[in-house]
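What follows is structure-v3.txt (compact mmCIF, C-alpha atoms).
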# COMPACT_ATOMS: atom_id res chain seq x y z
CA MET O 205 28.46 18.05 6.98
CA SER O 206 26.98 14.70 8.01
CA ALA O 207 25.44 12.39 5.44
CA GLU O 208 22.11 12.78 7.22
CA VAL O 209 22.04 16.57 6.88
CA ALA O 210 23.42 16.38 3.33
CA GLU O 211 20.10 14.80 2.38
CA VAL O 212 18.74 18.36 2.66
CA GLN O 213 20.68 20.88 0.59
CA VAL O 214 20.34 24.48 1.78
CA SER O 215 21.55 27.65 0.04
CA LEU O 216 20.86 31.36 -0.31
CA ASP O 217 20.25 32.80 -3.76
CA GLY O 218 19.54 36.53 -3.94
CA GLY O 219 17.41 36.64 -0.82
CA VAL O 220 15.77 33.29 -1.60
CA GLY O 221 16.36 30.46 0.82
CA ARG O 222 16.58 27.35 -1.36
CA ILE O 223 15.81 23.93 0.16
CA VAL O 224 16.40 20.87 -2.01
CA LEU O 225 15.36 17.43 -0.75
CA ASN O 226 18.31 15.32 -1.81
CA ARG O 227 17.58 11.60 -1.82
CA PRO O 228 16.74 11.22 -5.51
CA ARG O 229 17.33 7.45 -5.63
CA ALA O 230 14.73 7.07 -2.87
CA LEU O 231 12.35 9.60 -4.47
CA ASN O 232 13.48 12.04 -1.77
CA SER O 233 11.65 10.07 0.91
CA LEU O 234 11.99 11.60 4.35
CA THR O 235 14.27 10.42 7.13
CA HIS O 236 14.10 11.74 10.68
CA GLY O 237 17.37 13.59 10.09
CA MET O 238 15.83 15.41 7.12
CA ILE O 239 12.85 16.46 9.24
CA THR O 240 15.05 17.92 11.98
CA ALA O 241 17.30 19.65 9.44
CA LEU O 242 14.28 21.23 7.72
CA HIS O 243 12.85 22.43 11.03
CA ALA O 244 16.15 23.96 12.13
CA THR O 245 16.67 25.69 8.76
CA LEU O 246 13.16 27.15 8.60
CA THR O 247 13.28 28.29 12.22
CA GLY O 248 16.53 30.13 11.56
CA TRP O 249 15.35 31.73 8.35
CA ALA O 250 12.10 32.94 9.92
CA THR O 251 13.99 35.74 11.70
CA ASP O 252 16.83 36.20 9.18
CA ASP O 253 16.46 39.52 7.35
CA GLY O 254 18.65 38.16 4.56
CA VAL O 255 15.98 35.61 3.63
CA ARG O 256 13.00 37.08 1.83
CA THR O 257 11.35 33.96 0.37
CA VAL O 258 11.75 30.20 0.84
CA VAL O 259 11.59 27.75 -2.09
CA LEU O 260 11.28 23.97 -1.71
CA THR O 261 12.19 21.59 -4.55
CA GLY O 262 13.30 17.98 -4.92
CA ALA O 263 16.49 16.60 -6.45
CA GLY O 264 16.27 14.40 -9.52
CA GLU O 265 13.68 14.13 -12.26
CA ARG O 266 11.06 11.95 -10.59
CA GLY O 267 9.43 14.04 -7.92
CA LEU O 268 9.47 16.36 -4.94
CA CYS O 269 9.01 13.68 -2.28
CA ALA O 270 7.32 10.28 -2.13
CA GLY O 271 6.66 10.56 1.61
CA ALA O 272 8.30 9.11 4.68
CA ASP O 273 10.93 6.40 4.44
CA ILE O 274 8.40 3.62 5.07
CA ARG O 275 11.03 0.89 5.20
CA ALA O 276 12.40 2.64 8.29
CA LEU O 277 8.85 2.96 9.71
CA HIS O 278 8.30 -0.77 9.09
CA ASP O 279 11.48 -1.75 10.92
CA ASP O 280 10.87 0.61 13.83
CA ALA O 281 7.21 -0.45 14.22
CA LYS O 282 8.37 -4.06 14.52
CA ALA O 283 10.80 -2.95 17.24
CA GLY O 284 8.13 -1.16 19.30
CA GLY O 285 7.63 2.10 17.41
CA ALA O 286 9.42 4.57 19.70
CA GLY O 287 11.52 5.99 16.87
CA ALA O 288 8.52 6.24 14.55
CA ARG O 289 6.49 8.09 17.19
CA ALA O 290 9.32 10.60 17.54
CA PHE O 291 9.45 10.91 13.75
CA PHE O 292 5.70 11.64 13.56
CA ARG O 293 5.92 14.15 16.41
CA ASP O 294 8.70 16.12 14.72
CA GLU O 295 7.17 15.80 11.25
CA TYR O 296 3.78 17.15 12.31
CA ARG O 297 5.41 20.05 14.17
CA LEU O 298 7.24 20.86 10.93
CA ASN O 299 3.96 20.76 9.00
CA ALA O 300 2.48 23.27 11.45
CA LEU O 301 5.54 25.53 11.14
CA ILE O 302 5.20 25.57 7.35
CA ALA O 303 1.50 26.40 7.55
CA ARG O 304 2.18 29.45 9.77
CA TYR O 305 5.47 30.48 8.18
CA PRO O 306 6.00 34.26 8.37
CA LYS O 307 7.60 34.57 4.92
CA PRO O 308 6.45 33.42 1.47
CA TYR O 309 7.02 29.66 1.23
CA VAL O 310 7.00 28.39 -2.34
CA ALA O 311 6.69 24.63 -2.89
CA VAL O 312 7.33 23.18 -6.35
CA MET O 313 5.34 19.94 -6.47
CA ASP O 314 6.92 18.70 -9.69
CA GLY O 315 6.55 14.95 -10.22
CA ILE O 316 5.58 12.57 -7.44
CA THR O 317 4.40 14.36 -4.27
CA MET O 318 2.82 11.97 -1.81
CA GLY O 319 2.24 11.55 1.90
CA GLY O 320 4.97 13.40 3.77
CA GLY O 321 5.78 15.30 0.58
CA VAL O 322 2.27 16.75 0.68
CA GLY O 323 2.90 17.78 4.28
CA LEU O 324 5.98 19.77 3.23
CA SER O 325 4.27 21.49 0.30
CA ALA O 326 0.50 21.72 0.47
CA HIS O 327 0.46 23.82 3.67
CA GLY O 328 2.74 26.43 2.09
CA ALA O 329 1.67 29.87 0.90
CA VAL O 330 2.48 29.27 -2.80
CA ARG O 331 1.89 25.73 -4.08
CA ILE O 332 2.88 24.94 -7.65
CA VAL O 333 2.08 21.86 -9.74
CA THR O 334 3.38 20.96 -13.20
CA GLU O 335 2.22 18.65 -15.97
CA ARG O 336 4.32 15.94 -14.30
CA SER O 337 2.71 16.24 -10.86
CA THR O 338 1.18 13.20 -9.21
CA VAL O 339 -0.23 14.14 -5.81
CA ALA O 340 -1.67 11.61 -3.38
CA MET O 341 -2.35 10.57 0.19
CA PRO O 342 -2.05 6.78 -0.35
CA GLU O 343 -1.84 5.69 3.28
CA THR O 344 -4.78 3.27 3.40
CA ARG O 345 -2.89 1.10 0.91
CA ILE O 346 -0.26 0.35 3.58
CA GLY O 347 -2.48 0.21 6.66
CA LEU O 348 -1.93 3.81 7.71
CA VAL O 349 -4.33 6.79 7.71
CA PRO O 350 -3.80 10.14 5.90
CA ASP O 351 -1.59 12.31 8.08
CA VAL O 352 0.80 15.33 7.83
CA GLY O 353 -2.32 17.53 7.84
CA GLY O 354 -3.53 15.68 4.76
CA SER O 355 -6.72 14.63 6.50
CA ARG O 356 -7.61 18.34 6.84
CA LEU O 357 -6.92 18.97 3.14
CA LEU O 358 -9.01 15.95 2.17
CA ALA O 359 -11.80 16.96 4.54
CA LEU O 360 -11.96 20.46 3.03
CA ALA O 361 -11.93 19.30 -0.61
CA PRO O 362 -15.16 19.99 -2.56
CA GLY O 363 -18.04 17.65 -1.82
CA GLU O 364 -16.87 14.11 -1.11
CA LEU O 365 -13.77 14.22 -3.33
CA GLY O 366 -11.50 14.00 -0.31
CA THR O 367 -13.34 10.97 1.04
CA HIS O 368 -12.93 9.27 -2.33
CA LEU O 369 -9.21 10.05 -2.46
CA GLY O 370 -8.59 9.02 1.14
CA LEU O 371 -10.44 5.72 1.03
CA THR O 372 -9.16 4.60 -2.39
CA SER O 373 -5.59 6.02 -2.11
CA ALA O 374 -6.12 7.41 -5.62
CA SER O 375 -3.70 9.93 -7.14
CA MET O 376 -4.41 13.43 -8.45
CA GLY O 377 -2.97 14.97 -11.57
CA PRO O 378 -2.31 18.72 -11.61
CA GLY O 379 -5.88 19.70 -12.47
CA ASP O 380 -7.33 17.56 -9.69
CA ALA O 381 -4.74 18.84 -7.18
CA LEU O 382 -5.88 22.39 -7.92
CA LEU O 383 -9.56 21.42 -7.76
CA CYS O 384 -9.14 19.67 -4.41
CA GLY O 385 -7.19 22.48 -2.73
CA PHE O 386 -3.77 20.84 -2.65
CA ALA O 387 -2.20 23.40 -5.02
CA ASP O 388 -2.70 26.97 -6.27
CA HIS O 389 -0.87 27.39 -9.58
CA PHE O 390 0.05 25.40 -12.70
CA VAL O 391 3.51 26.15 -14.11
CA PRO O 392 4.89 23.93 -16.91
CA SER O 393 8.02 22.12 -15.74
CA ALA O 394 10.11 23.73 -18.49
CA ARG O 395 9.35 27.15 -16.96
CA ILE O 396 10.33 26.29 -13.37
CA PRO O 397 14.01 27.33 -13.80
CA ALA O 398 12.95 30.76 -15.11
CA LEU O 399 10.50 31.11 -12.21
CA LEU O 400 13.27 30.37 -9.71
CA ASP O 401 15.53 32.88 -11.46
CA ALA O 402 12.81 35.54 -11.21
CA LEU O 403 12.44 34.90 -7.48
CA ALA O 404 16.21 35.12 -6.97
CA GLY O 405 16.19 38.37 -8.96
CA GLY O 406 13.91 39.97 -6.41
CA SER O 407 10.47 39.42 -7.91
CA ASP O 408 7.56 39.21 -5.52
CA PRO O 409 6.42 35.54 -5.44
CA ALA O 410 2.89 36.38 -6.58
CA ALA O 411 4.18 38.39 -9.53
CA ALA O 412 6.81 35.78 -10.42
CA VAL O 413 4.27 32.98 -10.43
CA ALA O 414 1.78 35.05 -12.41
CA GLY O 415 4.45 35.64 -15.04
CA HIS O 416 5.11 31.93 -15.53
CA ALA O 417 1.80 30.20 -14.77
CA GLU O 418 -0.57 28.88 -17.42
CA PRO O 419 -4.18 27.68 -17.36
CA ALA O 420 -4.37 24.36 -15.56
CA PRO O 421 -5.18 21.08 -17.31
CA SER O 422 -8.72 19.83 -16.86
CA ALA O 423 -9.61 18.08 -13.60
CA ALA O 424 -10.77 14.54 -14.22
CA LEU O 425 -12.54 14.40 -10.87
CA ALA O 426 -14.72 17.39 -11.73
CA GLU O 427 -16.64 15.26 -14.24
CA GLN O 428 -17.17 12.52 -11.64
CA ARG O 429 -18.55 14.63 -8.82
CA GLY O 430 -22.06 13.25 -9.33
CA TRP O 431 -21.42 9.64 -8.37
CA ILE O 432 -18.61 10.51 -5.95
CA ASP O 433 -20.74 12.89 -3.90
CA ALA O 434 -23.71 10.53 -3.90
CA CYS O 435 -21.80 7.39 -2.96
CA TYR O 436 -19.36 8.73 -0.41
CA ALA O 437 -21.99 10.69 1.51
CA ALA O 438 -23.07 7.41 3.13
CA ASP O 439 -22.54 7.04 6.88
CA THR O 440 -20.44 3.85 6.85
CA ALA O 441 -17.67 2.38 4.74
CA GLU O 442 -19.82 -0.67 4.01
CA GLU O 443 -22.63 1.50 2.66
CA ILE O 444 -20.18 3.54 0.59
CA VAL O 445 -18.91 0.36 -1.07
CA GLU O 446 -22.46 -0.85 -1.65
CA ARG O 447 -23.43 2.43 -3.31
CA LEU O 448 -20.30 2.37 -5.47
CA LEU O 449 -20.99 -1.19 -6.63
CA ASN O 450 -24.66 -0.46 -7.35
CA SER O 451 -24.18 2.89 -9.09
CA GLY O 452 -23.83 1.44 -12.58
CA VAL O 453 -20.75 3.58 -13.19
CA ALA O 454 -17.58 1.76 -14.24
CA GLU O 455 -15.30 4.19 -12.40
CA ALA O 456 -17.37 3.72 -9.23
CA LYS O 457 -16.93 -0.05 -9.42
CA GLU O 458 -13.18 0.45 -9.77
CA ALA O 459 -13.26 2.73 -6.73
CA ALA O 460 -15.11 0.05 -4.72
CA GLU O 461 -12.49 -2.52 -5.66
CA ALA O 462 -9.74 -0.12 -4.57
CA VAL O 463 -11.40 0.48 -1.19
CA LEU O 464 -11.89 -3.26 -0.66
CA GLY O 465 -8.22 -3.89 -1.47
CA ASN O 466 -6.98 -1.45 1.17
CA SER O 467 -6.68 -2.11 4.90
CA PRO O 468 -10.24 -2.44 6.25
CA THR O 469 -9.18 -0.92 9.56
CA ALA O 470 -7.40 1.98 7.87
CA VAL O 471 -10.41 2.61 5.62
CA LYS O 472 -12.81 2.82 8.55
CA VAL O 473 -10.48 4.95 10.66
CA THR O 474 -9.86 7.25 7.69
CA LEU O 475 -13.58 7.79 7.18
CA ALA O 476 -14.03 8.63 10.86
CA ALA O 477 -10.96 10.87 10.91
CA LEU O 478 -12.04 12.82 7.82
CA ARG O 479 -15.54 13.38 9.19
CA ARG O 480 -14.07 14.62 12.47
CA ALA O 481 -11.50 16.79 10.68
CA ARG O 482 -14.33 18.74 9.06
CA THR O 483 -15.43 19.89 12.51
CA LEU O 484 -12.02 20.60 14.04
CA PRO O 485 -11.10 24.31 14.26
CA SER O 486 -7.52 24.32 12.95
CA LEU O 487 -4.74 22.45 11.25
CA GLU O 488 -3.07 22.08 14.65
CA ALA O 489 -6.14 20.31 16.04
CA VAL O 490 -6.15 17.96 13.05
CA LEU O 491 -2.43 17.23 13.50
CA ASP O 492 -3.11 16.37 17.14
CA GLN O 493 -5.74 13.89 15.97
CA GLU O 494 -3.42 12.48 13.31
CA TYR O 495 -0.70 11.88 15.90
CA ARG O 496 -3.08 9.75 17.96
CA VAL O 497 -4.12 7.79 14.88
CA SER O 498 -0.59 7.26 13.56
CA CYS O 499 0.72 6.09 16.94
CA ALA O 500 -2.17 3.65 17.20
CA ALA O 501 -1.39 2.37 13.70
CA LEU O 502 2.20 1.63 14.76
CA ALA O 503 0.88 -0.75 17.39
CA ALA O 504 -1.66 -2.43 15.07
CA HIS O 505 -1.18 -5.32 12.66
CA ASP O 506 -1.91 -3.75 9.30
CA LEU O 507 0.84 -1.12 9.01
CA VAL O 508 3.75 -3.55 9.20
CA GLU O 509 1.88 -6.00 6.97
CA GLY O 510 0.94 -3.35 4.41
CA ILE O 511 4.50 -2.08 4.07
CA ARG O 512 5.74 -5.67 3.84
CA ALA O 513 3.37 -6.41 0.97
CA GLN O 514 3.97 -3.17 -0.95
CA VAL O 515 7.65 -2.40 -0.32
CA ILE O 516 9.54 -5.20 1.42
CA ASP O 517 8.39 -8.41 -0.30
CA LYS O 518 6.45 -6.59 -3.05
CA ASP O 519 3.96 -9.44 -3.43
CA ARG O 520 1.09 -6.88 -3.36
CA GLU O 521 -0.98 -9.38 -1.36
CA PRO O 522 -1.38 -7.97 2.15
CA ARG O 523 -3.06 -10.22 4.71
CA TRP O 524 -5.13 -7.67 6.59
CA SER O 525 -6.41 -8.40 10.08
CA PRO O 526 -9.35 -7.95 10.47
CA ALA O 527 -9.75 -9.03 6.84
CA THR O 528 -13.06 -7.34 6.00
CA LEU O 529 -14.82 -4.05 6.70
CA GLY O 530 -17.58 -5.86 8.56
CA GLU O 531 -15.10 -7.26 11.06
CA VAL O 532 -13.85 -3.79 12.08
CA GLY O 533 -16.09 -2.60 14.91
CA GLU O 534 -16.75 0.85 16.30
CA ALA O 535 -14.55 0.09 19.31
CA ASP O 536 -11.66 -0.73 16.96
CA VAL O 537 -12.01 2.67 15.29
CA ALA O 538 -12.41 4.47 18.62
CA ARG O 539 -9.07 3.09 19.84
CA PHE O 540 -7.26 4.92 17.03
CA LEU O 541 -8.88 8.25 17.90
CA ALA O 542 -8.56 7.99 21.69
CA PRO O 543 -6.42 10.50 23.61
CA ARG O 544 -2.94 9.25 24.52
CA GLY O 545 -2.61 10.68 28.02
CA ASP O 546 0.92 12.00 28.54
CA ASP O 547 1.88 11.25 24.94
CA GLU O 548 -0.12 13.91 23.10
CA LEU O 549 1.24 16.11 20.33
CA GLY O 550 -0.36 19.17 21.95
CA LEU O 551 -0.24 21.64 19.04
CA ALA O 552 -3.79 22.97 19.35
Output the file's structure as structure tokens, nothing else.
Amino acid sequence: MSAEVAEVQVSLDGGVGRIVLNRPRALNSLTHGMITALHATLTGWATDDGVRTVVLTGAGERGLCAGADIRALHDDAKAGGAGARAFFRDEYRLNALIARYPKPYVAVMDGITMGGGVGLSAHGAVRIVTERSTVAMPETRIGLVPDVGGSRLLALAPGELGTHLGLTSASMGPGDALLCGFADHFVPSARIPALLDALAGGSDPAAAVAGHAEPAPSAALAEQRGWIDACYAADTAEEIVERLLNSGVAEAKEAAEAVLGNSPTAVKVTLAALRRARTLPSLEAVLDQEYRVSCAALAAHDLVEGIRAQVIDKDREPRWSPATLGEVGEADVARFLAPRGDDELGLA
């Protein structure tokens, strides 16, 4: 077995196909080899009568998956982005496969589950969070835009909660993940092994989860819907920030500061993408849009710079270009959403 494929551990346990993401030192961040291994495994199991249910977990104690290997994206974007475009193409096709999977697909979102990790879990049929779950689409922090179908999840969240999460890159605890439609069930982490044993013993996934789930913790965002819905309903990013700053709510001011610290281009493209995602008919149509946006981001300044600031040099001082929301024009946003001719994802 190659080292690349070994980063995804696959086994059968009493009719349960177990998939373990196995890069614990890298928070199980996704390489292209992991994406292709996952797609091949799931495609094979879809027609295998010996596989009744699929369960996805992550190795280590820290999380399911922190997203794509953004160091690799950084290096490839600097070299022209061909490898990263192929990565996105295969990753989004995998997200679509998971969403339409013909057998119960159980994702255990224990610990950190962000970006690409959300794409592997939050489109599944049975989505479990624990008290340790931290769920987020933090792309605007690095000059990217929510992808892996995350823009559809954000767009469909109650009120303007998804707009708030997308523009600020804020994280959700388990209660907020359930409120916003990223998860279905709360199971304490100590009960996950017993849940997996029940599934391997032949229990129906719904019955197994019901036997181990508990009432979810409170959702912090539920108490903040008032100012979130009022502020983020504005038509432009500039007006959203103005409403946040003028609301008189401390949390709203913090949200404004978060938005202003993120890539101005990514913030404006995210707002446009989320508003469009609300009107698109399917996950596949949203993934097609996300492919256009992500490929455009690879060719823009802010993605390489954002990853440099957050991950490479870790100075946390990105030099965005354009540097302010006001400098990002409608034509700049339109370029990210424009069709790509022969290079379309073509899922819808």
| query | So what do you get for atom CA of Leu260 of chain O versus atom CA of Ala394 of chain O, distance-wise? | reply |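 Interatomic distance, atom CA of Leu260 of chain O to atom CA of Ala394 of chain O: 16.8 Å.
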### Query
With distances taken over all atoms listed in the file, which of O:Trp431, O:His416, O:Arg331, O:Leu425 is nearest to Phe386 of chain O?
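So, comparing all the options, the nearest one is O:Arg331.
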Restricting the calculation to all atoms listed in the file, which member of O:Asn299, O:Thr247, O:Ser325, O:Ser525 is positioned closest to Val259 of chain O?
->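 Ranking O:Asn299, O:Thr247, O:Ser325, O:Ser525 by distance to Val259 of chain O, first place goes to O:Ser325.
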_Here is a test: counting all atoms listed in the file, which residue of O:Arg266, O:Arg256, O:Arg496, O:His243 is nearest to Gly550 of chain O?_
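Distance minimum relative to Gly550 of chain O lands on O:Arg496.
Taking atom CA of Thr261 of chain O and atom CA of Glu211 of chain O as the two end points, the separation is 12.5 Å.
Computed from the coordinates, the atom CA of Ala454 of chain O to atom CA of Gly363 of chain O distance equals 20.2 Å.
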* Fewer than 5 positions away in the same chain doesn't count, so skip those; otherwise give me all residues within 12 Å of Gly385 of chain O, counting all atoms listed in the file, as a VMD selection string. => chain O and resid 322 325 to 328 330 to 333 339 354 356 to 363 365 to 366 376 378 to 380 423
Judged by all atoms listed in the file, the minimum distance to Ser422 of chain O among O:Ala288, O:Leu371, O:Ala402, O:Leu382 is found for O:Leu382
* To do: Would you kindly return, as a ChimeraX atom specification, each protein, DNA or RNA residue with an atom no farther than 12 Å from any atom of Thr240 of chain O, considering only C-alpha atoms and excluding same-chain residues fewer than 2 positions away?
  => /O:208-209,211-212,234-238,242-247,290-299
Mind writing the picked residues with C-alpha atoms as a PDB file, in the frame of the given file?
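And here's selection_6.pdb as it stands now:
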ATOM      1  CA  GLU O 208      22.110  12.780   7.220  1.00  0.00           C
ATOM      2  CA  VAL O 209      22.040  16.570   6.880  1.00  0.00           C
ATOM      3  CA  GLU O 211      20.100  14.800   2.380  1.00  0.00           C
ATOM      4  CA  VAL O 212      18.740  18.360   2.660  1.00  0.00           C
ATOM      5  CA  LEU O 234      11.990  11.600   4.350  1.00  0.00           C
ATOM      6  CA  THR O 235      14.270  10.420   7.130  1.00  0.00           C
ATOM      7  CA  HIS O 236      14.100  11.740  10.680  1.00  0.00           C
ATOM      8  CA  GLY O 237      17.370  13.590  10.090  1.00  0.00           C
ATOM      9  CA  MET O 238      15.830  15.410   7.120  1.00  0.00           C
ATOM     10  CA  LEU O 242      14.280  21.230   7.720  1.00  0.00           C
ATOM     11  CA  HIS O 243      12.850  22.430  11.030  1.00  0.00           C
ATOM     12  CA  ALA O 244      16.150  23.960  12.130  1.00  0.00           C
ATOM     13  CA  THR O 245      16.670  25.690   8.760  1.00  0.00           C
ATOM     14  CA  LEU O 246      13.160  27.150   8.600  1.00  0.00           C
ATOM     15  CA  THR O 247      13.280  28.290  12.220  1.00  0.00           C
ATOM     16  CA  ALA O 290       9.320  10.600  17.540  1.00  0.00           C
ATOM     17  CA  PHE O 291       9.450  10.910  13.750  1.00  0.00           C
ATOM     18  CA  PHE O 292       5.700  11.640  13.560  1.00  0.00           C
ATOM     19  CA  ARG O 293       5.920  14.150  16.410  1.00  0.00           C
ATOM     20  CA  ASP O 294       8.700  16.120  14.720  1.00  0.00           C
ATOM     21  CA  GLU O 295       7.170  15.800  11.250  1.00  0.00           C
ATOM     22  CA  TYR O 296       3.780  17.150  12.310  1.00  0.00           C
ATOM     23  CA  ARG O 297       5.410  20.050  14.170  1.00  0.00           C
ATOM     24  CA  LEU O 298       7.240  20.860  10.930  1.00  0.00           C
ATOM     25  CA  ASN O 299       3.960  20.760   9.000  1.00  0.00           C
TER      26      ASN O 299
END
I want to know what sits within 12 Å of Ala535 of chain O, based on all atoms listed in the file, with residues of the same chain fewer than 4 positions away left out; could you give that as a PyMOL selection string?
chain O and resi 469+472-473+531+539-542
Protein, DNA and RNA residues within 8 Å of (6.5, 18.9, -17.0), all atoms listed in the file, as a VMD selection string
chain O and resid 314 to 315 334 to 337 392 to 394
Q.
Give me the residues near Arg395 of chain O as a ChimeraX atom specification, where near means some atom within 9 Å (using only C-alpha atoms) and where sequence neighbours in that chain fewer than 4 positions away do not count.
A. /O:391,399-400,416-417
Counting only C-alpha atoms, find the residues whose atoms lie at most 7 Å from (-6.7, -3.3, 3.1) (file coordinates) and write them out as an MDAnalysis selection string. chainID O and resid 344:345 347 464:468 524
Quiz item: Residues at most 12 Å from Asp401 of chain O, counting all atoms listed in the file, excluding those fewer than 2 positions away in the same chain, as a PyMOL selection string?
Solution: chain O and resi 217-220+222+259+395-399+403-409+412-413+415-416
**Prompt:** Smallest atom-to-atom distance to Ala441 of chain O: which of O:Ala381, O:Ala426, O:Glu509, O:Val471, using all atoms listed in the file?
**Reply:**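 With all atoms listed in the file as the atom set, the closest residue is O:Val471.
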Determine the nearest neighbour of Leu507 of chain O from the options O:Ala340, O:Ala281, O:Met318, O:Ala438, counting all atoms listed in the file.
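The shortest atom-to-atom distance to Leu507 of chain O comes from O:Ala281.
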Have segment 451-469 of chain O completed to N, CA and C atoms, please, and pass it along as a PDB file, in the coordinates of the input.
ATOM      1  N   SER O 451     -23.932   1.633  -8.392  1.00  0.00           N
ATOM      2  CA  SER O 451     -24.180   2.890  -9.090  1.00  0.00           C
ATOM      3  C   SER O 451     -24.312   2.731 -10.593  1.00  0.00           C
ATOM      4  N   GLY O 452     -23.805   1.627 -11.136  1.00  0.00           N
ATOM      5  CA  GLY O 452     -23.830   1.440 -12.580  1.00  0.00           C
ATOM      6  C   GLY O 452     -22.756   2.199 -13.323  1.00  0.00           C
ATOM      7  N   VAL O 453     -21.831   2.805 -12.585  1.00  0.00           N
ATOM      8  CA  VAL O 453     -20.750   3.580 -13.190  1.00  0.00           C
ATOM      9  C   VAL O 453     -19.462   2.762 -13.095  1.00  0.00           C
ATOM     10  N   ALA O 454     -18.779   2.594 -14.229  1.00  0.00           N
ATOM     11  CA  ALA O 454     -17.580   1.760 -14.240  1.00  0.00           C
ATOM     12  C   ALA O 454     -16.514   2.283 -13.288  1.00  0.00           C
ATOM     13  N   GLU O 455     -16.312   3.617 -13.280  1.00  0.00           N
ATOM     14  CA  GLU O 455     -15.300   4.190 -12.400  1.00  0.00           C
ATOM     15  C   GLU O 455     -15.646   3.972 -10.921  1.00  0.00           C
ATOM     16  N   ALA O 456     -16.945   3.956 -10.602  1.00  0.00           N
ATOM     17  CA  ALA O 456     -17.370   3.720  -9.230  1.00  0.00           C
ATOM     18  C   ALA O 456     -17.068   2.286  -8.807  1.00  0.00           C
ATOM     19  N   LYS O 457     -17.263   1.350  -9.716  1.00  0.00           N
ATOM     20  CA  LYS O 457     -16.930  -0.050  -9.420  1.00  0.00           C
ATOM     21  C   LYS O 457     -15.435  -0.204  -9.176  1.00  0.00           C
ATOM     22  N   GLU O 458     -14.630   0.486  -9.982  1.00  0.00           N
ATOM     23  CA  GLU O 458     -13.180   0.450  -9.770  1.00  0.00           C
ATOM     24  C   GLU O 458     -12.814   1.045  -8.410  1.00  0.00           C
ATOM     25  N   ALA O 459     -13.510   2.111  -8.029  1.00  0.00           N
ATOM     26  CA  ALA O 459     -13.260   2.730  -6.730  1.00  0.00           C
ATOM     27  C   ALA O 459     -13.601   1.758  -5.598  1.00  0.00           C
ATOM     28  N   ALA O 460     -14.718   1.037  -5.736  1.00  0.00           N
ATOM     29  CA  ALA O 460     -15.110   0.050  -4.720  1.00  0.00           C
ATOM     30  C   ALA O 460     -14.043  -1.027  -4.576  1.00  0.00           C
ATOM     31  N   GLU O 461     -13.526  -1.483  -5.693  1.00  0.00           N
ATOM     32  CA  GLU O 461     -12.490  -2.520  -5.660  1.00  0.00           C
ATOM     33  C   GLU O 461     -11.228  -1.998  -4.983  1.00  0.00           C
ATOM     34  N   ALA O 462     -10.910  -0.714  -5.214  1.00  0.00           N
ATOM     35  CA  ALA O 462      -9.740  -0.120  -4.570  1.00  0.00           C
ATOM     36  C   ALA O 462      -9.940  -0.051  -3.056  1.00  0.00           C
ATOM     37  N   VAL O 463     -11.113   0.397  -2.629  1.00  0.00           N
ATOM     38  CA  VAL O 463     -11.400   0.480  -1.190  1.00  0.00           C
ATOM     39  C   VAL O 463     -11.305  -0.908  -0.557  1.00  0.00           C
ATOM     40  N   LEU O 464     -11.883  -1.904  -1.216  1.00  0.00           N
ATOM     41  CA  LEU O 464     -11.890  -3.260  -0.660  1.00  0.00           C
ATOM     42  C   LEU O 464     -10.498  -3.887  -0.648  1.00  0.00           C
ATOM     43  N   GLY O 465      -9.583  -3.379  -1.464  1.00  0.00           N
ATOM     44  CA  GLY O 465      -8.220  -3.890  -1.470  1.00  0.00           C
ATOM     45  C   GLY O 465      -7.342  -3.275  -0.396  1.00  0.00           C
ATOM     46  N   ASN O 466      -7.769  -2.136   0.146  1.00  0.00           N
ATOM     47  CA  ASN O 466      -6.980  -1.450   1.170  1.00  0.00           C
ATOM     48  C   ASN O 466      -7.281  -2.019   2.548  1.00  0.00           C
ATOM     49  N   SER O 467      -6.492  -1.623   3.527  1.00  0.00           N
ATOM     50  CA  SER O 467      -6.680  -2.110   4.900  1.00  0.00           C
ATOM     51  C   SER O 467      -8.076  -1.754   5.399  1.00  0.00           C
ATOM     52  N   PRO O 468      -8.896  -2.753   5.755  1.00  0.00           N
ATOM     53  CA  PRO O 468     -10.240  -2.440   6.250  1.00  0.00           C
ATOM     54  C   PRO O 468     -10.224  -1.529   7.480  1.00  0.00           C
ATOM     55  N   THR O 469      -9.277  -1.777   8.378  1.00  0.00           N
ATOM     56  CA  THR O 469      -9.180  -0.920   9.560  1.00  0.00           C
ATOM     57  C   THR O 469      -8.820   0.495   9.165  1.00  0.00           C
TER      58      THR O 469
END
